[in-house]
Amino acid sequence: MCSTGASRFDGAYYFGFHEGELRLLIQLFKYRGMASLAGPLARLLLRALPESGSYDAIVPVPLHWRRRFARGYNQSALLSGELAKSMSIPMREALGRVRATPSQSGLTGAVRRRNLRGAFAMKRRADVAGMRLLLVDDVLTTGATLNACAKELKSAGARHITAVTLARADRRPFFQSFQEPATSPQSSFSKGAS
């Protein structure tokens, strides 16, 4: 996605970089069964979002059922649930992961995109037509996962999709058309006017 500049989501925000204490907290939450970190980590997501944002629903990035079973929970769904409570808007598990994919860790953007083709689909009775959605995940690396999810949501009629993650994996420029606001206290970037 970076090399092509193609993006299906309309803006993206992240709390910080995937390093130091933030990386440790994410690893504890995601891989060490510390689901109780969902509330404190969701508060970090809230700090990353612009106060002017308006959303109709929150959609978590889904896990394949095998991975969710092995982990015991979907970390994105736990974060989304906490955000939904804090923001008083509904969470909709509108997407399903219909195909298991190998771990994306350490893969290039092109390989990640290839792995994710056909991995997500809209759930039956999931209606997102005309909605402004907040798409939630834990870490933004190349954007391939968020892009694949946003593609399905847009195909189902979503009007605007903003992605938010706890961390961004690298410090290199992500999209040429995305800009980091000079006055924003948190790390974030967004494309165009919302």
# chains A, B, ... in the order shown; residues from 1 in each chain; ligands from 1
call {"tool": "residues_around", "arguments": {"residues": "Ala156 in chain A", "least_positions_apart": "3", "cutoff": "10 Å", "atoms": "only C-alpha atoms", "output": "list of chain:residue names"}}
result
A:Ala121, A:Met122, A:Ala126, A:Asp127, A:Val128, A:Ala129, A:Gly130, A:Ala150, A:Lys151, A:Glu152, A:Leu153, A:Arg159
call {"tool": "residues_around", "arguments": {"residues": "Ala169 in chain A", "least_positions_apart": "3", "cutoff": "7 Å", "atoms": "only C-alpha atoms", "output": "PDB file with N, CA and C atoms, in the first residue's frame"}}
result
ATOM      1  N   PHE A  17       4.662   5.322  18.796  1.00  0.00           N
ATOM      2  CA  PHE A  17       5.423   4.368  17.996  1.00  0.00           C
ATOM      3  C   PHE A  17       5.564   3.052  18.739  1.00  0.00           C
ATOM      4  N   HIS A  18       5.660   1.970  17.997  1.00  0.00           N
ATOM      5  CA  HIS A  18       5.721   0.605  18.542  1.00  0.00           C
ATOM      6  C   HIS A  18       7.131   0.341  19.071  1.00  0.00           C
ATOM      7  N   VAL A 139      -1.790  -2.383  16.119  1.00  0.00           N
ATOM      8  CA  VAL A 139      -0.556  -1.837  15.550  1.00  0.00           C
ATOM      9  C   VAL A 139      -0.717  -1.622  14.047  1.00  0.00           C
ATOM     10  N   LEU A 140      -0.278  -0.477  13.566  1.00  0.00           N
ATOM     11  CA  LEU A 140      -0.240  -0.164  12.139  1.00  0.00           C
ATOM     12  C   LEU A 140       1.191  -0.399  11.663  1.00  0.00           C
ATOM     13  N   THR A 141       1.361  -1.325  10.730  1.00  0.00           N
ATOM     14  CA  THR A 141       2.695  -1.568  10.179  1.00  0.00           C
ATOM     15  C   THR A 141       2.733  -1.011   8.763  1.00  0.00           C
TER      16      THR A 141
END
call {"tool": "select_by_dssp", "arguments": {"residues": "range 20-188 of chain A", "states": "strand (DSSP E)", "output": "NGL selection string"}}
result
:A and (57-60 or 95-97 or 120-122 or 132-140 or 160-168 or 178-179 or 188)
call {"tool": "atom_distance", "arguments": {"atom1": "CA of Arg168 in chain A", "atom2": "CA of Ala100 in chain A"}}
result
23.4 Å
call {"tool": "select_by_dssp", "arguments": {"residues": "range 4-188 of chain A", "states": "helix (DSSP H, G or I)", "output": "PyMOL selection string"}}
result
chain A and resi 20-31+35-48+65-71+75-87+109-116+144-155
call {"tool": "atom_distance", "arguments": {"atom1": "CA of Ser80 in chain A", "atom2": "CA of Leu46 in chain A"}}
result
10.7 Å
call {"tool": "residues_around", "arguments": {"residues": "Gly81 in chain A", "least_positions_apart": "2", "cutoff": "12 Å", "atoms": "only C-alpha atoms", "output": "ChimeraX atom specification"}}
result
/A:38-39,41-43,57-60,74-79,83-93,134-136
call {"tool": "atom_distance", "arguments": {"atom1": "CA of Pro62 in chain A", "atom2": "CA of Ala119 in chain A"}}
result
10.0 Å
call {"tool": "residues_around", "arguments": {"residues": "Asn147 in chain A", "least_positions_apart": "4", "cutoff": "7 Å", "atoms": "only C-alpha atoms", "output": "list in words"}}
result
Ser7, Arg8, Phe9, Gly143 and Lys151 of chain A
call {"tool": "closest_residue", "arguments": {"among": "A:Leu166, A:Gly11, A:Ile161, A:Lys123", "to": "Leu44 in chain A", "atoms": "only C-alpha atoms"}}
result
A:Leu166
